[in-house]
>>> print(open('data_8.tsv').read())   # TSV, C-alpha atoms and all ligand atoms
chain	number	residue	atom	x	y	z
O	1	MET	CA	122.75	90.33	135.59
O	2	CYS	CA	120.08	92.16	137.58
O	3	GLY	CA	118.57	95.50	136.58
O	4	SER	CA	117.38	96.72	133.22
O	5	ARG	CA	119.64	98.07	130.56
O	6	PRO	CA	118.28	100.83	128.34
O	7	ARG	CA	116.69	99.39	125.21
O	8	SER	CA	115.62	100.84	121.91
O	9	ALA	CA	112.51	99.82	119.98
O	10	LEU	CA	111.06	100.88	116.65
O	11	ALA	CA	107.85	102.58	117.69
O	12	THR	CA	105.63	100.65	115.30
O	13	GLY	CA	107.41	97.30	115.08
O	14	PRO	CA	106.40	94.02	116.69
O	15	ALA	CA	108.25	93.58	119.98
O	16	SER	CA	110.02	90.35	119.16
O	17	VAL	CA	111.86	91.66	116.12
O	18	SER	CA	112.47	95.32	116.94
O	19	VAL	CA	113.53	95.37	120.58
O	20	ARG	CA	117.24	95.68	121.27
O	21	GLY	CA	119.02	95.38	124.59
O	22	GLY	CA	118.30	93.42	127.72
O	23	PHE	CA	115.07	91.86	128.94
O	24	ALA	CA	112.92	94.13	131.11
O	25	VAL	CA	110.00	93.67	133.50
O	26	GLY	CA	106.84	92.89	131.47
O	27	ASP	CA	108.76	91.40	128.51
O	28	VAL	CA	107.91	87.91	127.30
O	29	VAL	CA	110.98	85.66	127.17
O	30	MET	CA	111.16	82.28	125.44
O	31	LEU	CA	113.25	79.79	127.43
O	32	LEU	CA	114.70	77.02	125.28
O	33	ASP	CA	116.20	73.95	126.97
O	34	GLY	CA	118.77	71.45	125.67
O	35	ARG	CA	116.04	69.13	124.39
O	36	GLY	CA	114.38	71.81	122.29
O	37	ARG	CA	111.50	72.36	124.70
O	38	ARG	CA	110.31	75.92	125.02
O	39	TRP	CA	108.40	78.02	127.54
O	40	LEU	CA	107.01	81.55	127.28
O	41	VAL	CA	107.46	83.51	130.51
O	42	THR	CA	106.34	87.09	131.28
O	43	LEU	CA	109.04	88.65	133.41
O	44	SER	CA	108.38	90.31	136.76
O	45	GLU	CA	110.72	91.79	139.38
O	46	ASP	CA	110.45	88.90	141.88
O	47	GLY	CA	108.98	86.14	139.65
O	48	GLU	CA	110.31	82.58	139.42
O	49	PHE	CA	110.19	79.99	136.63
O	50	HIS	CA	109.57	76.50	138.07
O	51	THR	CA	109.84	73.07	136.46
O	52	HIS	CA	110.79	69.68	137.90
O	53	ARG	CA	114.29	70.60	136.72
O	54	GLY	CA	114.60	73.43	139.20
O	55	VAL	CA	113.88	77.10	139.71
O	56	LEU	CA	115.10	80.07	137.72
O	57	ALA	CA	114.62	83.55	139.20
O	58	HIS	CA	113.35	86.15	136.74
O	59	ALA	CA	115.99	88.45	138.23
O	60	ALA	CA	118.63	86.29	136.50
O	61	ILE	CA	117.01	87.10	133.13
O	62	LEU	CA	116.24	90.79	133.70
O	63	GLY	CA	118.86	92.91	131.98
O	64	ALA	CA	120.35	89.93	130.13
O	65	PRO	CA	120.63	90.13	126.33
O	66	GLU	CA	118.97	87.71	123.91
O	67	GLY	CA	120.96	84.50	123.74
O	68	ALA	CA	121.90	84.59	127.44
O	69	ARG	CA	122.67	81.13	128.90
O	70	LEU	CA	120.98	80.48	132.23
O	71	THR	CA	121.14	77.65	134.75
O	72	SER	CA	118.31	76.54	137.08
O	73	SER	CA	118.75	75.65	140.77
O	74	LEU	CA	119.05	71.95	139.74
O	75	GLY	CA	121.59	72.59	136.99
O	76	SER	CA	119.35	72.64	133.89
O	77	HIS	CA	120.46	74.95	131.11
O	78	TYR	CA	118.31	77.36	129.14
O	79	VAL	CA	118.84	79.95	126.44
O	80	ALA	CA	116.76	83.14	126.73
O	81	LEU	CA	115.31	84.49	123.46
O	82	ARG	CA	112.54	86.82	122.45
O	83	PRO	CA	109.74	84.57	121.13
O	84	SER	CA	109.18	84.29	117.39
O	85	LEU	CA	105.65	84.51	115.98
O	86	GLU	CA	105.70	80.71	115.74
O	87	ASP	CA	106.56	80.44	119.46
O	88	VAL	CA	103.81	82.90	120.33
O	89	VAL	CA	101.13	81.09	118.34
O	90	LEU	CA	101.99	77.67	119.72
O	91	HIS	CA	102.56	78.67	123.34
O	92	MET	CA	100.35	81.65	124.12
O	93	PRO	CA	97.24	81.13	126.27
O	94	ARG	CA	94.29	80.03	124.15
O	95	GLY	CA	90.56	79.80	124.44
O	96	ALA	CA	89.72	78.54	120.96
O	97	GLN	CA	92.00	76.36	118.84
O	98	VAL	CA	94.54	78.50	116.98
O	99	ILE	CA	95.54	78.33	113.33
O	100	TYR	CA	98.92	76.59	113.06
O	101	PRO	CA	101.98	78.46	111.75
O	102	LYS	CA	102.11	76.49	108.49
O	103	ASP	CA	98.62	77.69	107.63
O	104	LEU	CA	99.15	81.23	108.93
O	105	GLY	CA	101.98	81.62	106.43
O	106	ALA	CA	99.86	80.37	103.53
O	107	ILE	CA	96.78	82.40	104.55
O	108	THR	CA	98.69	85.66	104.73
O	109	MET	CA	100.27	84.94	101.33
O	110	LEU	CA	96.97	83.90	99.68
O	111	ALA	CA	95.26	86.95	101.15
O	112	ASP	CA	98.19	89.11	100.05
O	113	VAL	CA	98.24	91.10	103.27
O	114	ALA	CA	100.42	94.21	103.23
O	115	PRO	CA	100.91	97.33	105.36
O	116	GLY	CA	97.63	99.25	105.48
O	117	SER	CA	95.43	96.37	104.20
O	118	ARG	CA	91.99	96.58	105.78
O	119	VAL	CA	91.10	93.06	106.86
O	120	LEU	CA	87.84	91.65	108.21
O	121	GLU	CA	88.55	88.58	110.34
O	122	THR	CA	85.97	86.23	111.84
O	123	GLY	CA	86.02	84.44	114.29
O	124	VAL	CA	88.81	85.94	116.22
O	125	GLY	CA	89.29	82.98	118.60
O	126	SER	CA	92.58	83.24	120.50
O	127	GLY	CA	93.99	85.98	118.27
O	128	ALA	CA	96.73	83.97	116.52
O	129	LEU	CA	95.69	85.00	113.02
O	130	SER	CA	95.10	88.57	114.23
O	131	ILE	CA	98.69	88.79	115.46
O	132	ALA	CA	100.04	87.43	112.16
O	133	LEU	CA	97.95	89.96	110.20
O	134	LEU	CA	99.00	92.85	112.45
O	135	ARG	CA	102.66	91.97	112.10
O	136	LEU	CA	102.31	92.37	108.32
O	137	GLY	CA	100.94	95.87	108.89
O	138	ALA	CA	97.21	95.16	108.42
O	139	ARG	CA	94.39	97.00	110.14
O	140	VAL	CA	92.14	94.28	111.49
O	141	SER	CA	88.39	94.42	112.25
O	142	GLY	CA	87.33	91.25	114.05
O	143	ILE	CA	83.91	89.76	114.71
O	144	GLU	CA	83.72	87.16	117.49
O	145	VAL	CA	80.56	85.61	118.86
O	146	ARG	CA	82.02	84.74	122.30
O	147	GLU	CA	82.93	87.48	124.72
O	148	ASP	CA	85.43	85.31	126.63
O	149	PHE	CA	87.31	84.43	123.43
O	150	ALA	CA	87.38	88.08	122.33
O	151	ALA	CA	88.83	89.03	125.73
O	152	ARG	CA	91.49	86.33	125.42
O	153	ALA	CA	92.34	87.50	121.88
O	154	ARG	CA	92.58	91.11	123.09
O	155	ALA	CA	95.02	90.11	125.85
O	156	ASN	CA	97.10	88.02	123.43
O	157	VAL	CA	97.21	90.80	120.83
O	158	ARG	CA	98.35	93.33	123.46
O	159	SER	CA	101.01	91.00	124.89
O	160	HIS	CA	102.34	89.55	121.67
O	161	ALA	CA	101.82	92.12	118.89
O	162	GLY	CA	102.82	95.05	121.09
O	163	ALA	CA	100.89	98.21	121.98
O	164	ALA	CA	101.64	100.02	118.71
O	165	LEU	CA	100.26	97.24	116.49
O	166	ALA	CA	97.37	96.53	118.91
O	167	ALA	CA	96.10	100.03	118.05
O	168	ASN	CA	95.35	98.67	114.54
O	169	TRP	CA	93.09	95.92	115.93
O	170	GLU	CA	89.50	96.04	117.06
O	171	ALA	CA	87.02	93.25	117.64
O	172	ARG	CA	83.33	93.45	118.24
O	173	ILE	CA	81.10	90.83	119.75
O	174	GLY	CA	78.61	89.63	117.17
O	175	ASP	CA	77.34	86.83	114.98
O	176	ALA	CA	79.07	86.93	111.59
O	177	TYR	CA	76.21	84.93	110.08
O	178	GLU	CA	73.99	87.98	110.53
O	179	PRO	CA	74.33	90.60	107.78
O	180	ILE	CA	77.64	92.44	108.32
O	181	ALA	CA	77.36	96.20	107.86
O	182	THR	CA	79.70	97.81	105.34
O	183	PRO	CA	82.02	100.16	107.27
O	184	PRO	CA	81.78	103.90	106.51
O	185	GLU	CA	85.14	103.84	104.69
O	186	GLY	CA	83.82	101.18	102.27
O	187	PRO	CA	84.12	97.40	101.98
O	188	TRP	CA	87.24	95.63	103.30
O	189	ASP	CA	90.29	94.79	101.14
O	190	ARG	CA	90.52	91.30	102.57
O	191	VAL	CA	88.20	88.89	104.40
O	192	VAL	CA	89.63	85.94	106.33
O	193	LEU	CA	87.28	83.34	107.79
O	194	ASP	CA	87.83	80.74	110.50
O	195	ILE	CA	84.31	79.86	111.61
O	196	PRO	CA	82.27	76.68	111.32
O	197	GLU	CA	80.03	77.89	108.45
O	198	PRO	CA	82.14	80.32	106.39
O	199	TRP	CA	79.80	80.09	103.40
O	200	ARG	CA	77.33	82.17	105.40
O	201	VAL	CA	79.87	85.01	105.26
O	202	SER	CA	81.29	84.47	101.76
O	203	VAL	CA	77.77	85.04	100.36
O	204	GLN	CA	77.98	88.53	101.85
O	205	ALA	CA	80.92	89.43	99.55
O	206	PRO	CA	79.01	92.17	97.67
O	207	GLN	CA	78.61	94.11	100.92
O	208	ILE	CA	81.88	93.36	102.71
O	209	LEU	CA	84.57	92.92	100.04
O	210	ARG	CA	85.75	95.57	97.62
O	211	GLU	CA	86.09	94.67	93.97
O	212	GLY	CA	89.51	93.08	93.46
O	213	GLY	CA	89.60	92.10	97.13
O	214	THR	CA	90.45	88.61	98.36
O	215	LEU	CA	88.64	86.17	100.64
O	216	VAL	CA	90.34	83.22	102.34
O	217	ALA	CA	88.40	80.57	104.27
O	218	TYR	CA	90.08	78.07	106.61
O	219	THR	CA	88.02	74.88	106.95
O	220	PRO	CA	89.05	71.63	108.66
O	221	SER	CA	86.73	69.58	106.43
O	222	ILE	CA	86.59	69.36	102.63
O	223	LEU	CA	82.79	69.37	102.86
O	224	GLN	CA	83.01	72.83	104.41
O	225	ALA	CA	85.40	73.88	101.64
O	226	MET	CA	82.92	72.61	99.05
O	227	GLN	CA	80.15	74.68	100.61
O	228	VAL	CA	82.34	77.76	100.46
O	229	ARG	CA	83.12	77.00	96.80
O	230	ASP	CA	79.38	76.76	96.09
O	231	THR	CA	79.09	80.44	97.06
O	232	MET	CA	82.06	81.50	94.92
O	233	GLY	CA	80.49	81.31	91.49
O	234	ARG	CA	79.41	84.44	89.65
O	235	GLY	CA	81.53	87.44	90.59
O	236	TRP	CA	84.59	85.46	91.70
O	237	VAL	CA	87.85	84.69	89.90
O	238	ASP	CA	91.08	82.93	90.76
O	239	VAL	CA	89.29	80.58	93.13
O	240	ARG	CA	91.33	77.70	94.55
O	241	THR	CA	91.37	75.22	97.40
O	242	LEU	CA	94.60	73.80	98.79
O	243	GLU	CA	96.21	72.36	101.89
O	244	VAL	CA	99.71	72.74	103.29
O	245	LEU	CA	101.67	69.68	104.45
O	246	HIS	CA	104.66	70.42	106.63
O	247	ARG	CA	107.31	67.69	106.82
O	248	THR	CA	110.54	68.20	108.75
O	249	TRP	CA	113.77	66.23	108.17
O	250	HIS	CA	116.14	64.54	110.57
O	251	VAL	CA	119.64	65.83	109.71
O	252	GLU	CA	122.53	64.44	111.75
O	253	GLY	CA	125.84	63.98	109.96
O	254	ARG	CA	125.20	61.63	107.03
O	255	ALA	CA	121.99	60.33	108.62
O	256	VAL	CA	119.48	62.37	106.68
O	257	ARG	CA	115.87	61.28	106.24
O	258	PRO	CA	112.35	62.65	106.60
O	259	ASP	CA	111.10	62.66	110.17
O	260	HIS	CA	108.60	59.88	110.93
O	261	ARG	CA	105.95	62.32	112.02
O	262	MET	CA	104.74	65.40	110.18
O	263	VAL	CA	102.20	68.16	110.58
O	264	ALA	CA	99.94	66.91	107.84
O	265	HIS	CA	96.28	67.75	107.58
O	266	THR	CA	95.02	70.66	109.63
O	267	ALA	CA	92.65	72.39	107.23
O	268	PHE	CA	91.81	73.32	103.67
O	269	LEU	CA	92.35	76.87	102.51
O	270	THR	CA	89.94	78.26	99.95
O	271	ALA	CA	90.80	81.59	98.37
O	272	GLY	CA	89.26	83.72	95.66
O	273	ARG	CA	89.06	87.27	94.37
O	274	TRP	CA	85.80	89.14	94.23
O	275	ILE	CA	85.28	91.24	91.10
O	276	GLY	CA	81.62	92.10	91.52
O	277	SER	CA	78.34	90.61	90.44
O	278	GLY	CA	78.02	92.84	87.37
O	279	LEU	CA	80.50	90.54	85.65
O	280	ASP	CA	80.32	89.71	81.94
O	281	GLU	CA	81.57	86.10	81.92
O	282	ASP	CA	82.02	86.00	78.13
O	283	ALA	CA	84.59	88.80	78.34
O	284	LEU	CA	86.96	86.73	80.49
O	285	PRO	CA	89.67	84.33	79.32
O	286	GLY	CA	88.91	80.68	80.12
O	287	THR	CA	91.70	80.29	82.68
O	288	LEU	CA	90.00	82.79	84.97
O	289	LEU	CA	86.65	81.06	84.89
O	290	GLY	CA	87.36	78.25	87.34
O	291	GLY	CA	85.44	79.93	90.09
O	292	LEU	CA	82.65	81.13	87.86
O	293	ASP	CA	81.11	77.86	86.83
O	294	ASP	CA	83.09	75.34	88.88
O	295	ARG	CA	84.52	73.63	85.78
O	296	VAL	CA	87.64	71.56	86.28
O	297	GLU	CA	90.64	72.00	84.03
O	298	GLU	CA	91.95	68.67	82.79
J	1	LIG	C1	88.84	78.14	115.62
J	1	LIG	S1	88.40	79.63	116.35
J	1	LIG	C2	89.32	80.87	115.49
J	1	LIG	C3	90.78	80.86	115.86
J	1	LIG	C4	91.55	82.03	115.29
J	1	LIG	N1	91.53	82.03	113.87
J	1	LIG	C5	92.98	82.03	115.81
J	1	LIG	O1	93.90	81.91	114.98
J	1	LIG	O2	93.20	82.15	117.01
J	1	LIG	C6	86.78	79.89	115.72
J	1	LIG	C7	86.13	81.07	116.36
J	1	LIG	O3	84.94	81.39	115.67
J	1	LIG	C8	84.01	81.86	116.61
J	1	LIG	N2	82.68	81.82	115.98
J	1	LIG	C9	81.92	80.70	115.76
J	1	LIG	N3	80.76	81.05	115.15
J	1	LIG	C10	80.82	82.40	114.98
J	1	LIG	C11	79.90	83.35	114.41
J	1	LIG	N4	78.74	82.97	113.91
J	1	LIG	N5	80.26	84.64	114.41
J	1	LIG	C12	81.46	85.06	114.92
J	1	LIG	N6	82.34	84.19	115.49
J	1	LIG	C13	82.03	82.88	115.51
J	1	LIG	C14	84.22	80.94	117.80
J	1	LIG	O4	83.69	81.46	118.98
J	1	LIG	C15	85.74	80.81	117.81
J	1	LIG	O5	86.31	81.77	118.62
>>> encode(input="data_8.tsv", output="structure tokens")
Amino acid sequence: MCGSRPRSALATGPASVSVRGGFAVGDVVMLLDGRGRRWLVTLSEDGEFHTHRGVLAHAAILGAPEGARLTSSLGSHYVALRPSLEDVVLHMPRGAQVIYPKDLGAITMLADVAPGSRVLETGVGSGALSIALLRLGARVSGIEVREDFAARARANVRSHAGAALAANWEARIGDAYEPIATPPEGPWDRVVLDIPEPWRVSVQAPQILREGGTLVAYTPSILQAMQVRDTMGRGWVDVRTLEVLHRTWHVEGRAVRPDHRMVAHTAFLTAGRWIGSGLDEDALPGTLLGGLDDRVEE
């Protein structure tokens, strides 16, 4: 199975979904064992994958197609696959804590990210959200206060979004609580926040968010969410706060029940659309006013 077969790739697509053909040097492979455990391995000519269940030479994977079955020196079996975005987020090297897949899905939907969307993201952390945004075709401008985290995010974006999508990503070192300058091409379409005090950025909406644009803030605590909501009064519509609970099921023959453990609380997501501070509240239907005066619909 040694040697590389020719492979074809869509020039702009993320590596994991567009690459055809065998694994090559530099590719990231996801090794899945019989117990569902998974490892991400970057392939090299003479590399080896070691666990207490034996050694697997990278040479045995190079040239093999996705789905190849491999056996370690001690007889353990693995399947070789290109990693999904979920695999990447959960297993890539991290500096800061990443946003979990269940929330990445909801954030990208709430923010309505599409090809060409111009997104401001802060903080960048390990780059998990950046990779999710890039894979949807966004152009991402990041602000990250820590140089080491920005470097980690840059490496993760290059390895896991692919070179073509990485060209749509830039991050600068800076403090997002300081006034953020409007870019020459005008305010961003979307703003996504994962920083301890997001309300210090949401108040900057008039400068950073175009009218009709969306802001999403990820906050582990409801008190943080409340502080974000306090800044989303006049000029905001369609404001909401929610959380995503992810419960898997045990399905084996007729034995079907919810799993005992679930990925429950990780964070609250607060989203809203900025329509500008020149708003005439009386001209709006009541259902849109939730974010304007914080009233609660019974
Ligand atoms: C939880 S991490 C973000 C993780 C990221 N969303 C991901 O998915 O990988 C929070 C990040 O915010 C950064 N940060 C904290 N305060 C900041 C500030 N004032 N300006 C910019 N970045 C900040 C931290 O250094 C950290 O990297």
>>> residues_near_ligand(input="data_8.tsv", ligand="ligand LIG 1 (chain J)", cutoff="9 Å", atoms="all atoms listed in the file", output="JSON, numbers by chain")
{"O": [89, 94, 95, 96, 97, 98, 99, 100, 104, 121, 122, 123, 124, 125, 126, 127, 128, 129, 130, 131, 132, 142, 143, 144, 145, 146, 147, 148, 149, 150, 153, 173, 174, 175, 176, 177, 178, 192, 193, 194, 195, 196, 197, 198, 200, 201, 218]}
>>> residues_near_point(input="data_8.tsv", point="(114.6, 76.6, 141.6)", cutoff="6 Å", atoms="only C-alpha atoms", output="list in words")
Gly54, Val55, Leu56, Ser72 and Ser73 of chain O
>>> atom_distance(input="data_8.tsv", atom1="atom CA of O:Pro220", atom2="atom CA of O:Gly276")
27.7 Å
>>> closest_atom_pairs(input="data_8.tsv", of="stretch 78-190 of chain O", to="stretch 239-247 of chain O", cutoff="8 Å", atoms="only C-alpha atoms", output="JSON lines")
{"residue": "O:Lys102", "atom": "CA", "partner": "O:His246", "partner_atom": "CA", "distance": 6.8}
{"residue": "O:Asp103", "atom": "CA", "partner": "O:Val244", "partner_atom": "CA", "distance": 6.7}
{"residue": "O:Ala106", "atom": "CA", "partner": "O:Val244", "partner_atom": "CA", "distance": 7.6}
>>> closest_residue(input="data_8.tsv", among="O:Ala161, O:Asn156, O:Asp46, O:Ala59", to="O:Ser84", atoms="only C-alpha atoms")
O:Ala161
>>> residues_around(input="data_8.tsv", residues="O:Gly272", least_positions_apart="5", cutoff="7 Å", atoms="all atoms listed in the file", output="ChimeraX atom specification")
/O:214-216,236-240
>>> residues_around(input="data_8.tsv", residues="O:Asp87", least_positions_apart="4", cutoff="9 Å", atoms="all atoms listed in the file", output="PDB file with C-alpha atoms, keeping the file's coordinate frame")
ATOM      1  CA  MET O  30     111.160  82.280 125.440  1.00  0.00           C
ATOM      2  CA  ARG O  38     110.310  75.920 125.020  1.00  0.00           C
ATOM      3  CA  TRP O  39     108.400  78.020 127.540  1.00  0.00           C
ATOM      4  CA  LEU O  40     107.010  81.550 127.280  1.00  0.00           C
ATOM      5  CA  PRO O  83     109.740  84.570 121.130  1.00  0.00           C
ATOM      6  CA  HIS O  91     102.560  78.670 123.340  1.00  0.00           C
ATOM      7  CA  MET O  92     100.350  81.650 124.120  1.00  0.00           C
TER       8      MET O  92
END
>>> closest_residue(input="data_8.tsv", among="O:Ala217, O:Leu165, O:Gly233, O:Thr51", to="O:Leu74", atoms="all atoms listed in the file")
O:Thr51
>>> closest_residue(input="data_8.tsv", among="O:Gly235, O:Pro206, O:Gly67, O:Pro258", to="O:Ala181", atoms="all atoms listed in the file")
O:Pro206
>>> atom_distance(input="data_8.tsv", atom1="atom CA of O:Ile208", atom2="atom CA of O:Asp230")
18.0 Å
>>> atom_distance(input="data_8.tsv", atom1="atom CA of O:Leu223", atom2="atom CA of O:Ala267")
11.2 Å
>>> residues_around(input="data_8.tsv", residues="O:Ser159", least_positions_apart="5", cutoff="10 Å", atoms="only C-alpha atoms", output="number ranges by chain")
O: 15, 26-28, 42, 88, 92, 131, 153-154, 166
>>> closest_residue(input="data_8.tsv", among="O:Leu134, O:Ala205, O:Val263, O:Arg190", to="O:Glu170", atoms="all atoms listed in the file")
O:Leu134
>>> residues_near_point(input="data_8.tsv", point="(115.9, 89.1, 128.6)", cutoff="9 Å", atoms="all atoms listed in the file", output="number ranges by chain")
O: 21-25, 27-30, 43, 60-68, 80-82
>>> decode(input="data_8.tsv", residues="stretch 146-157 of chain O", atoms="C-alpha atoms", output="short mmCIF file (atom, residue, chain, number, x, y, z; two decimals), in the first residue's frame")
data_model
loop_
_atom_site.label_atom_id
_atom_site.label_comp_id
_atom_site.auth_asym_id
_atom_site.auth_seq_id
_atom_site.Cartn_x
_atom_site.Cartn_y
_atom_site.Cartn_z
CA ARG O 146 -2.88 36.54 22.88
CA GLU O 147 -0.15 36.04 20.34
CA ASP O 148 0.37 32.36 21.25
CA PHE O 149 -3.33 31.58 20.74
CA ALA O 150 -3.40 33.43 17.41
CA ALA O 151 -0.38 31.39 16.27
CA ARG O 152 -2.11 28.16 17.31
CA ALA O 153 -5.29 29.21 15.50
CA ARG O 154 -3.28 30.06 12.37
CA ALA O 155 -1.64 26.61 12.38
CA ASN O 156 -4.99 24.88 12.93
CA VAL O 157 -6.69 26.88 10.17
#
